[in-house]
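Peer 1: This is structure.cif (mmCIF, C-alpha atoms).
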```cif
data_entry
loop_
_atom_site.label_atom_id
_atom_site.label_comp_id
_atom_site.auth_asym_id
_atom_site.auth_seq_id
_atom_site.Cartn_x
_atom_site.Cartn_y
_atom_site.Cartn_z
CA MET A 1 105.76 214.59 79.33
CA ALA A 2 106.87 211.11 80.42
CA VAL A 3 106.92 208.97 77.32
CA THR A 4 106.73 205.21 77.28
CA ILE A 5 107.34 203.16 74.15
CA ARG A 6 105.76 199.73 74.00
CA ARG A 7 104.04 197.38 71.60
CA LEU A 8 100.79 198.61 70.11
CA GLU A 9 97.77 197.24 71.97
CA GLU A 10 94.28 196.65 70.64
CA SER A 11 92.68 199.16 72.99
CA ASP A 12 95.05 201.98 72.03
CA GLU A 13 93.39 205.13 70.73
CA VAL A 14 94.62 205.76 67.23
CA ASP A 15 91.67 207.52 65.59
CA GLY A 16 92.91 211.01 66.45
CA PHE A 17 96.44 210.37 65.24
CA ASP A 18 97.60 212.82 62.59
CA CYS A 19 101.22 213.02 61.51
CA GLY A 20 100.32 215.03 58.40
CA ASP A 21 100.83 212.09 56.05
CA GLU A 22 97.73 210.14 55.08
CA PRO A 23 99.42 206.80 54.25
CA LEU A 24 101.15 206.81 57.65
CA ASN A 25 97.91 207.82 59.41
CA ASN A 26 95.98 205.13 57.58
CA TYR A 27 98.52 202.45 58.37
CA LEU A 28 98.22 203.09 62.09
CA LYS A 29 94.44 203.36 62.05
CA HIS A 30 93.60 200.46 59.75
CA TYR A 31 96.50 198.05 59.37
CA ALA A 32 99.02 198.23 62.22
CA TRP A 33 97.08 196.08 64.69
CA THR A 34 95.98 193.56 62.09
CA ASN A 35 99.47 193.28 60.65
CA GLN A 36 100.91 192.76 64.11
CA GLU A 37 98.46 190.30 65.60
CA LYS A 38 96.74 188.55 62.73
CA VAL A 39 98.93 188.37 59.67
CA SER A 40 102.27 188.96 61.39
CA ILE A 41 103.99 191.19 58.89
CA GLY A 42 105.23 193.88 61.23
CA VAL A 43 105.31 194.80 64.89
CA THR A 44 104.25 198.33 65.72
CA TYR A 45 105.57 200.13 68.77
CA ALA A 46 103.57 203.04 70.17
CA ALA A 47 104.83 206.08 72.04
CA VAL A 48 102.39 207.14 74.73
CA ASP A 49 102.41 209.66 77.54
CA GLU A 50 102.14 208.02 80.92
CA SER A 51 99.40 210.49 81.87
CA ALA A 52 97.23 209.31 78.95
CA PRO A 53 98.60 205.85 78.28
CA ARG A 54 96.12 204.86 75.55
CA ILE A 55 96.59 207.80 73.21
CA VAL A 56 99.22 207.07 70.58
CA LEU A 57 101.52 210.07 70.04
CA GLY A 58 103.91 208.35 67.66
CA TYR A 59 104.71 204.93 66.30
CA PHE A 60 107.20 202.87 64.37
CA THR A 61 106.97 199.46 62.75
CA LEU A 62 109.66 196.82 62.60
CA ALA A 63 110.01 193.55 60.73
CA THR A 64 112.87 191.24 59.89
CA SER A 65 113.98 190.31 56.42
CA SER A 66 116.93 188.73 54.68
CA VAL A 67 118.63 188.89 51.33
CA PRO A 68 119.60 185.57 49.73
CA ARG A 69 123.34 185.44 49.23
CA GLU A 70 122.97 184.49 45.57
CA ARG A 71 121.24 187.77 44.84
CA PHE A 72 124.36 189.80 45.65
CA PRO A 73 126.83 190.70 42.89
CA GLN A 74 129.75 188.25 42.86
CA LYS A 75 132.38 190.91 43.48
CA PHE A 76 130.98 191.62 46.95
CA VAL A 77 130.05 188.20 48.29
CA ARG A 78 133.53 187.43 49.57
CA GLY A 79 133.13 190.14 52.22
CA LEU A 80 129.80 188.79 53.37
CA PRO A 81 128.90 185.86 55.62
CA PRO A 82 128.39 182.58 53.70
CA TYR A 83 124.62 182.67 54.10
CA ASP A 84 121.67 184.98 53.61
CA LEU A 85 122.09 188.48 55.01
CA PRO A 86 119.66 188.98 57.92
CA LEU A 87 118.40 192.50 58.52
CA ILE A 88 115.73 194.54 60.26
CA LEU A 89 113.38 196.81 58.38
CA LEU A 90 112.28 200.02 60.05
CA ALA A 91 109.21 200.28 57.89
CA ARG A 92 107.53 203.36 59.31
CA LEU A 93 108.15 206.03 61.90
CA ALA A 94 105.73 208.87 62.50
CA VAL A 95 104.94 211.46 65.16
CA ASP A 96 101.57 213.12 65.65
CA LYS A 97 102.16 216.69 64.47
CA ARG A 98 100.61 218.08 67.66
CA PHE A 99 103.56 216.58 69.53
CA SER A 100 106.36 217.22 67.06
CA GLY A 101 109.46 219.02 68.28
CA ARG A 102 109.40 217.31 71.68
CA GLY A 103 111.98 214.63 71.03
CA LEU A 104 109.51 211.85 70.30
CA GLY A 105 111.20 210.97 67.00
CA HIS A 106 114.54 210.69 68.75
CA ALA A 107 113.06 208.55 71.53
CA MET A 108 111.44 206.24 69.01
CA ILE A 109 114.45 205.76 66.77
CA ALA A 110 116.55 205.16 69.88
CA GLU A 111 114.13 202.43 70.92
CA ALA A 112 114.10 200.95 67.42
CA LEU A 113 117.90 200.79 67.42
CA LYS A 114 117.98 199.21 70.87
CA ILE A 115 115.51 196.57 69.71
CA THR A 116 117.74 196.01 66.69
CA LEU A 117 120.69 195.32 68.98
CA ARG A 118 118.61 192.91 71.05
CA VAL A 119 117.55 191.05 67.93
CA ALA A 120 121.15 191.00 66.76
CA ASP A 121 122.20 189.55 70.11
CA GLU A 122 119.46 186.94 70.21
CA VAL A 123 118.95 185.78 66.66
CA GLY A 124 121.45 187.76 64.60
CA CYS A 125 121.08 190.57 62.12
CA ARG A 126 123.62 192.57 60.20
CA CYS A 127 121.97 195.93 59.60
CA ILE A 128 118.82 197.98 59.82
CA ILE A 129 117.23 199.31 56.66
CA THR A 130 114.70 202.09 56.49
CA ASP A 131 112.52 203.50 53.75
CA ALA A 132 112.84 207.25 54.18
CA TYR A 133 110.80 209.91 52.48
CA PRO A 134 113.30 212.05 50.54
CA ASP A 135 112.68 215.06 52.79
CA LYS A 136 113.39 212.91 55.88
CA ALA A 137 116.60 211.31 54.63
CA GLY A 138 118.68 214.02 56.31
CA TRP A 139 117.09 213.24 59.66
CA TYR A 140 118.01 209.55 59.38
CA ALA A 141 121.50 210.51 58.18
CA ARG A 142 122.07 212.25 61.52
CA TYR A 143 121.87 208.80 63.13
CA GLY A 144 124.33 207.38 60.63
CA PHE A 145 121.94 205.87 58.08
CA LEU A 146 123.59 205.80 54.67
CA PRO A 147 121.56 206.02 51.45
CA LEU A 148 121.55 202.97 49.20
CA GLU A 149 122.07 203.73 45.55
CA GLY A 150 119.57 202.59 42.99
CA THR A 151 116.27 203.42 44.66
CA ALA A 152 113.58 204.00 42.04
CA ALA A 153 112.67 207.65 41.65
CA ILE A 154 109.11 207.22 42.90
CA SER A 155 110.06 205.06 45.89
CA PRO A 156 111.20 206.08 49.35
CA GLN A 157 114.97 206.21 49.79
CA LYS A 158 116.33 202.96 51.24
CA MET A 159 118.94 203.72 53.92
CA PHE A 160 121.39 201.43 55.71
CA LEU A 161 122.88 201.38 59.21
CA ASP A 162 125.36 198.66 60.20
CA VAL A 163 124.66 196.82 63.47
CA ARG A 164 128.38 197.03 64.22
CA THR A 165 128.09 200.82 64.19
CA ILE A 166 125.09 200.68 66.54
CA ARG A 167 126.97 198.32 68.85
CA ARG A 168 129.96 200.62 68.85
CA ALA A 169 127.71 203.57 69.75
CA SER A 170 126.19 201.63 72.64
CA SER A 171 129.62 200.88 74.06
CA ILE A 172 130.86 204.47 74.07
CA ASP A 173 130.90 205.72 77.62
CA SER A 174 131.50 209.43 77.21
CA PHE A 175 128.70 211.15 75.43
CA PRO A 176 129.01 214.10 73.12
CA THR A 177 127.45 217.32 74.26
CA GLU A 178 124.16 218.31 72.71
CA ARG A 179 124.53 219.87 69.31
CA GLU A 180 121.97 221.33 67.00
CA MET B 1 112.29 191.52 113.07
CA PRO B 2 111.48 194.21 115.60
CA PRO B 3 107.74 194.70 115.92
CA GLU B 4 106.28 198.03 114.97
CA VAL B 5 104.77 200.08 117.75
CA LYS B 6 101.09 200.49 117.25
CA SER B 7 98.93 202.78 119.32
CA LYS B 8 95.63 201.37 120.52
CA LYS B 9 94.46 204.72 121.72
CA ALA B 10 91.37 205.98 119.96
CA VAL B 11 91.82 209.43 118.51
CA ALA B 12 89.40 211.72 116.78
CA LEU B 13 90.47 212.17 113.21
CA PRO B 14 89.73 215.31 111.24
CA ALA B 15 87.00 214.93 108.67
CA LYS B 16 88.60 213.71 105.47
CA ALA B 17 88.21 210.99 102.93
CA PRO B 18 88.72 207.57 104.47
CA THR B 19 92.17 206.18 103.76
CA ALA B 20 92.54 202.76 102.18
CA ARG B 21 92.74 199.98 104.68
CA LYS B 22 96.28 198.75 105.13
CA THR B 23 97.15 195.11 104.73
CA LYS B 24 99.40 193.30 107.14
CA PHE B 25 102.29 191.47 105.57
CA GLN B 26 104.07 188.68 107.34
CA ALA B 27 107.02 186.76 105.99
CA ASP B 28 108.98 183.76 107.19
CA LEU B 29 112.63 184.59 106.71
CA ALA B 30 115.60 182.32 107.06
CA PRO B 31 118.12 183.61 109.62
CA SER B 32 120.44 184.71 106.84
CA GLU B 33 117.66 186.66 105.15
CA ASP B 34 116.62 188.22 108.42
CA SER B 35 120.20 189.26 108.95
CA MET B 36 120.33 190.69 105.46
CA VAL B 37 117.22 192.75 106.14
CA ARG B 38 118.73 194.15 109.31
CA ILE B 39 122.00 195.00 107.58
CA LEU B 40 120.24 196.68 104.67
CA LYS B 41 118.00 198.65 107.00
CA ALA B 42 121.05 199.84 108.88
CA GLU B 43 122.85 200.79 105.67
CA LEU B 44 119.81 202.64 104.42
CA GLN B 45 119.20 204.18 107.84
CA MET B 46 115.69 202.77 107.99
CA THR B 47 113.99 201.89 111.20
CA SER B 48 110.65 200.68 109.94
CA ASN B 49 109.97 197.37 108.24
CA THR B 50 107.09 199.06 106.46
CA ASP B 51 109.41 201.66 104.90
CA PHE B 52 111.87 198.93 104.01
CA LEU B 53 109.22 196.84 102.29
CA SER B 54 107.75 199.91 100.59
CA ASP B 55 111.12 200.91 99.10
CA ALA B 56 111.96 197.35 98.11
CA LEU B 57 108.57 197.08 96.45
CA ALA B 58 109.09 200.33 94.52
CA LEU B 59 112.47 199.10 93.28
CA PHE B 60 111.13 195.69 92.33
CA ARG B 61 108.15 197.23 90.59
CA TRP B 62 110.46 199.45 88.55
CA ALA B 63 112.65 196.46 87.64
CA VAL B 64 109.61 194.46 86.53
CA SER B 65 108.26 197.32 84.41
CA GLU B 66 111.63 197.86 82.73
CA ARG B 67 112.03 194.16 81.98
CA LYS B 68 108.46 193.96 80.69
CA ARG B 69 109.43 196.62 78.16
CA GLY B 70 112.37 194.48 77.16
CA HIS B 71 114.90 196.82 78.77
CA ARG B 72 117.92 195.33 80.43
CA ILE B 73 119.03 196.44 83.87
CA VAL B 74 122.67 197.36 83.83
CA SER B 75 125.12 198.53 86.48
CA GLU B 76 128.13 200.53 85.39
CA SER B 77 131.31 201.00 87.36
CA SER B 78 133.31 204.21 87.37
CA THR B 79 135.68 202.58 84.90
CA GLY B 80 132.85 201.78 82.53
CA GLU B 81 132.61 198.08 83.30
CA ARG B 82 129.02 197.02 82.83
CA LYS B 83 127.14 194.16 84.41
CA ILE B 84 123.72 193.06 83.28
CA LEU B 85 121.28 191.88 85.92
CA LEU B 86 120.00 188.40 85.19
CA PHE B 87 117.31 187.53 87.67
CA PRO B 88 115.35 184.44 86.66
CA ARG B 89 111.97 185.67 87.88
CA LEU B 90 112.42 188.95 86.03
CA GLU B 91 113.29 187.11 82.85
CA ARG B 92 109.85 185.51 82.92
CA VAL B 93 108.19 188.89 82.28
CA ALA B 94 110.60 189.98 79.55
CA PRO B 95 109.02 189.88 76.12
CA GLU B 96 110.63 187.77 73.50
CA VAL B 97 111.91 189.87 70.65
CA THR B 98 109.96 188.26 67.91
CA LEU B 99 109.61 190.21 64.74
CA PRO B 100 107.87 188.81 61.69
CA HIS B 101 109.83 188.08 58.55
CA ILE B 102 108.90 189.81 55.31
CA ASP B 103 110.31 190.03 51.81
CA ILE B 104 111.59 193.39 50.61
CA PRO B 105 111.64 194.28 46.92
CA TRP B 106 115.17 195.30 45.87
CA THR B 107 116.55 196.73 42.68
CA ASP B 108 119.83 195.24 41.45
CA LYS B 109 121.57 198.53 42.09
CA GLU B 110 120.25 198.64 45.68
CA LEU B 111 121.56 195.14 46.31
CA GLU B 112 124.95 196.10 44.95
CA SER B 113 124.99 199.14 47.20
CA LEU B 114 123.82 197.08 50.19
CA ALA B 115 126.48 194.43 49.58
CA GLU B 116 129.18 197.07 49.31
CA LEU B 117 128.17 198.67 52.62
CA ALA B 118 127.61 195.40 54.48
CA SER B 119 130.90 193.88 53.35
CA GLY B 120 132.96 196.96 54.19
CA GLN B 121 134.19 198.39 57.45
CA PRO B 122 131.38 199.80 59.62
CA ALA B 123 131.10 203.57 59.83
CA GLU B 124 131.91 205.36 63.07
CA PRO B 125 128.79 206.26 65.04
CA THR B 126 127.49 209.79 64.79
CA ASP B 127 126.90 211.98 67.84
CA ALA B 128 123.13 211.55 67.46
CA LEU B 129 123.50 207.78 67.36
CA ILE B 130 125.68 207.77 70.47
CA ARG B 131 123.07 209.86 72.28
CA ALA B 132 120.32 207.55 71.07
CA MET B 133 122.09 204.51 72.50
CA ARG B 134 122.51 205.98 75.97
CA PRO B 135 121.06 203.58 78.53
#
```
What is this structure when it is put down as structure tokens?
Peer 2:
Amino acid sequence: MAVTIRRLEESDEVDGFDCGDEPLNNYLKHYAWTNQEKVSIGVTYAAVDESAPRIVLGYFTLATSSVPRERFPQKFVRGLPPYDLPLILLARLAVDKRFSGRGLGHAMIAEALKITLRVADEVGCRCIITDAYPDKAGWYARYGFLPLEGTAAISPQKMFLDVRTIRRASSIDSFPTERE
Amino acid sequence: MPPEVKSKKAVALPAKAPTARKTKFQADLAPSEDSMVRILKAELQMTSNTDFLSDALALFRWAVSERKRGHRIVSESSTGERKILLFPRLERVAPEVTLPHIDIPWTDKELESLAELASGQPAEPTDALIRAMRP
């Protein structure tokens, strides 16, 4: 399978997508394109196989955000830049369950992190935040995402990854051997 | 450039699907460019201009497709020094990284936790993150 990850396109086939989670299925089928092209509240990237380049096998959605400096507790602001904290939100990431276990999730998070670095280089951002389902928090932790304290019990777990950590990873030349 | 030898002799072809008609390609090259073509062909041990153009086209096509996906084209020396290709025509096809801006609801405790992490020293990358960032 030769996977390409690119922006979602209007003619992409999303009706058959099933990641096993209805809100994530519904988002792709009913909102992703509209949110990307019409109301501009998130850009969705689709993973497709080059042999069937219209069928979406997985997707993730990114947006930017920022936290006003005055909202941070006083005791921490000295360590922060003297302006709002820019960040990227990895809002959703899902793989069609028929294609799970083939490295699509890894390929997509890798692409999301590379986009994060490009944004950081071009317009600046300090970190990437994701909303992880509790049972997926361990998967994000493998990539270095750290849980934020204080997430409401019924909400997804907000997790944090510093852009400086991502940049450091991208500059490491010798790669660790595969581990499971 | 040396002309390609073309046979004018009519031959009976075996019955098969007709092949697509080939298009002739002619280019006016400055002497320095012509010299460069000859040198490259010699280095690559190519004798045919057609093969040369075909390989150059494949490479250019790949570069365009990578840049269209927003990927950068990087060369890396044996000592790890990296150079990024900046080719003005390729930059025209590169997408701008434009992501929309949204507001995220935060609890006070989340903001405290975020501030603590963002103001501290960054964590060392994990093995999975290092693998994810491989070019």
Peer 1: Find the residue from A:Thr44, A:Ser155, A:Asn25, A:Ser65 that sits nearest to chain B; use only C-alpha atoms when measuring.
Peer 2: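 Ranked by minimum distance to chain B, first place goes to A:Ser65.
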Peer 1: So which residues get picked by the PyMOL selection byres ((chain A) within 6 of (chain B)) here, written as a PDB file with C-alpha atoms, keeping the file's coordinate frame?
Peer 2:
```
ATOM      1  CA  SER A  40     102.270 188.960  61.390  1.00  0.00           C
ATOM      2  CA  ILE A  41     103.990 191.190  58.890  1.00  0.00           C
ATOM      3  CA  GLY A  42     105.230 193.880  61.230  1.00  0.00           C
ATOM      4  CA  ALA A  63     110.010 193.550  60.730  1.00  0.00           C
ATOM      5  CA  THR A  64     112.870 191.240  59.890  1.00  0.00           C
ATOM      6  CA  SER A  65     113.980 190.310  56.420  1.00  0.00           C
ATOM      7  CA  PHE A  76     130.980 191.620  46.950  1.00  0.00           C
ATOM      8  CA  GLY A  79     133.130 190.140  52.220  1.00  0.00           C
ATOM      9  CA  LEU A  80     129.800 188.790  53.370  1.00  0.00           C
ATOM     10  CA  ALA A 110     116.550 205.160  69.880  1.00  0.00           C
ATOM     11  CA  TYR A 143     121.870 208.800  63.130  1.00  0.00           C
ATOM     12  CA  GLY A 144     124.330 207.380  60.630  1.00  0.00           C
ATOM     13  CA  LEU A 148     121.550 202.970  49.200  1.00  0.00           C
ATOM     14  CA  GLU A 149     122.070 203.730  45.550  1.00  0.00           C
ATOM     15  CA  GLY A 150     119.570 202.590  42.990  1.00  0.00           C
ATOM     16  CA  THR A 165     128.090 200.820  64.190  1.00  0.00           C
ATOM     17  CA  ALA A 169     127.710 203.570  69.750  1.00  0.00           C
ATOM     18  CA  SER A 170     126.190 201.630  72.640  1.00  0.00           C
TER      19      SER A 170
END
```
Peer 1: Set the distance at 12 Å and use all atoms listed in the file: which residues neighbour Leu29 of chain B once local chain neighbours fewer than 5 positions away are removed? I'd like the list as a ChimeraX atom specification.
Peer 2: /B:1,34-38
Peer 1: Take the PyMOL selection byres ((chain A and resi 97) around 7), apply it to the structure above, and return the hits as a list of chain:residue names.
Peer 2: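 In the shown coordinates, the PyMOL selection byres ((chain A and resi 97) around 7) covers A:Asp18, A:Cys19, A:Gly20, A:Val95, A:Asp96, A:Arg98, A:Phe99, A:Ser100.
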Peer 1: Could you name the residues that touch Phe60 of chain B at 10 Å or less, counting all atoms listed in the file, but leaving out those on the same chain fewer than 6 positions away, as a PDB file with C-alpha atoms, in the coordinates of the input?
Peer 2:
```pdb
ATOM      1  CA  SER B  54     107.750 199.910 100.590  1.00  0.00           C
ATOM      2  CA  GLU B  66     111.630 197.860  82.730  1.00  0.00           C
ATOM      3  CA  LEU B  90     112.420 188.950  86.030  1.00  0.00           C
TER       4      LEU B  90
END
```
Peer 1: Please indicate the distance in Å from atom CA of Asp121 of chain A to atom CA of Leu28 of chain A, rounded to one decimal place.
Peer 2: 28.7 Å
Peer 1: What gap, in Å, lies between atom CA of Asp15 of chain A and atom CA of Val56 of chain A?
Peer 2: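 About the pair atom CA of Asp15 of chain A and atom CA of Val56 of chain A: they are 9.1 Å apart.
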Peer 1: Report, in Å to a single decimal, how far apart atom CA of Arg6 of chain A and atom CA of Lys114 of chain A are.
Peer 2: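 These two atoms are separated by 12.6 Å.
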Peer 1: For this structure, which residues satisfy the selection - the PyMOL selection byres ((chain A and resi 158) around 10) - when it is evaluated on the file as given? I want them as number ranges by chain.
Peer 2: A: 89, 129-134, 137, 145-152, 155-157, 159-160; B: 106, 110, 114
Peer 1: Here's a test: counting all atoms listed in the file, identify every protein, DNA and RNA residue with an atom at most 7 Å from (92.5, 200.3, 72.7) in the file's coordinate frame, and state them as a count of residues only.
Peer 2: 6
Peer 1: May I have the residues within 8 Å of Leu85 of chain B as a PDB file with C-alpha atoms, in the frame of the given file, using only C-alpha atoms and disregarding those fewer than 5 positions away in the same chain?
Peer 2:
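Wrote it out as selection.pdb, contents follow:
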```pdb
ATOM      1  CA  ARG B  72     117.920 195.330  80.430  1.00  0.00           C
ATOM      2  CA  ILE B  73     119.030 196.440  83.870  1.00  0.00           C
ATOM      3  CA  VAL B  74     122.670 197.360  83.830  1.00  0.00           C
ATOM      4  CA  SER B  75     125.120 198.530  86.480  1.00  0.00           C
TER       5      SER B  75
END
```
Peer 1: Can you complete the atoms of segment 51-70 of chain A to N, CA and C atoms and list them as a compact mmCIF listing (two decimals), in the coordinates of the input?
Peer 2:
```txt
# COMPACT_ATOMS: atom_id res chain seq x y z
N SER A 51 100.62 209.90 81.31
CA SER A 51 99.40 210.49 81.87
C SER A 51 98.16 210.15 81.04
N ALA A 52 98.35 209.73 79.81
CA ALA A 52 97.23 209.31 78.95
C ALA A 52 97.71 208.10 78.15
N PRO A 53 97.83 206.96 78.84
CA PRO A 53 98.60 205.85 78.28
C PRO A 53 97.94 205.09 77.13
N ARG A 54 96.76 205.53 76.69
CA ARG A 54 96.12 204.86 75.55
C ARG A 54 96.20 205.68 74.27
N ILE A 55 96.58 206.93 74.39
CA ILE A 55 96.59 207.80 73.21
C ILE A 55 97.96 207.71 72.53
N VAL A 56 97.96 207.26 71.30
CA VAL A 56 99.22 207.07 70.58
C VAL A 56 99.72 208.42 70.04
N LEU A 57 100.93 208.79 70.46
CA LEU A 57 101.52 210.07 70.04
C LEU A 57 102.48 209.87 68.87
N GLY A 58 102.97 208.66 68.73
CA GLY A 58 103.91 208.35 67.66
C GLY A 58 104.04 206.84 67.54
N TYR A 59 104.55 206.38 66.44
CA TYR A 59 104.71 204.93 66.30
C TYR A 59 105.82 204.62 65.30
N PHE A 60 106.31 203.40 65.41
CA PHE A 60 107.20 202.87 64.37
C PHE A 60 106.91 201.39 64.22
N THR A 61 107.24 200.87 63.06
CA THR A 61 106.97 199.46 62.75
C THR A 61 108.25 198.77 62.33
N LEU A 62 108.46 197.60 62.91
CA LEU A 62 109.66 196.82 62.60
C LEU A 62 109.28 195.44 62.05
N ALA A 63 110.13 194.93 61.21
CA ALA A 63 110.01 193.55 60.73
C ALA A 63 111.43 193.06 60.44
N THR A 64 111.57 191.76 60.32
CA THR A 64 112.87 191.24 59.89
C THR A 64 112.78 190.85 58.42
N SER A 65 113.92 190.75 57.80
CA SER A 65 113.98 190.31 56.42
C SER A 65 115.37 189.72 56.20
N SER A 66 115.59 189.22 55.02
CA SER A 66 116.93 188.73 54.68
C SER A 66 117.09 188.79 53.17
N VAL A 67 118.33 188.87 52.76
CA VAL A 67 118.63 188.89 51.33
C VAL A 67 119.40 187.61 50.99
N PRO A 68 118.86 186.80 50.09
CA PRO A 68 119.60 185.57 49.73
C PRO A 68 120.98 185.91 49.18
N ARG A 69 121.96 185.16 49.61
CA ARG A 69 123.34 185.44 49.23
C ARG A 69 123.52 185.46 47.71
N GLU A 70 122.77 184.57 47.02
CA GLU A 70 122.97 184.49 45.57
C GLU A 70 122.46 185.72 44.83
```
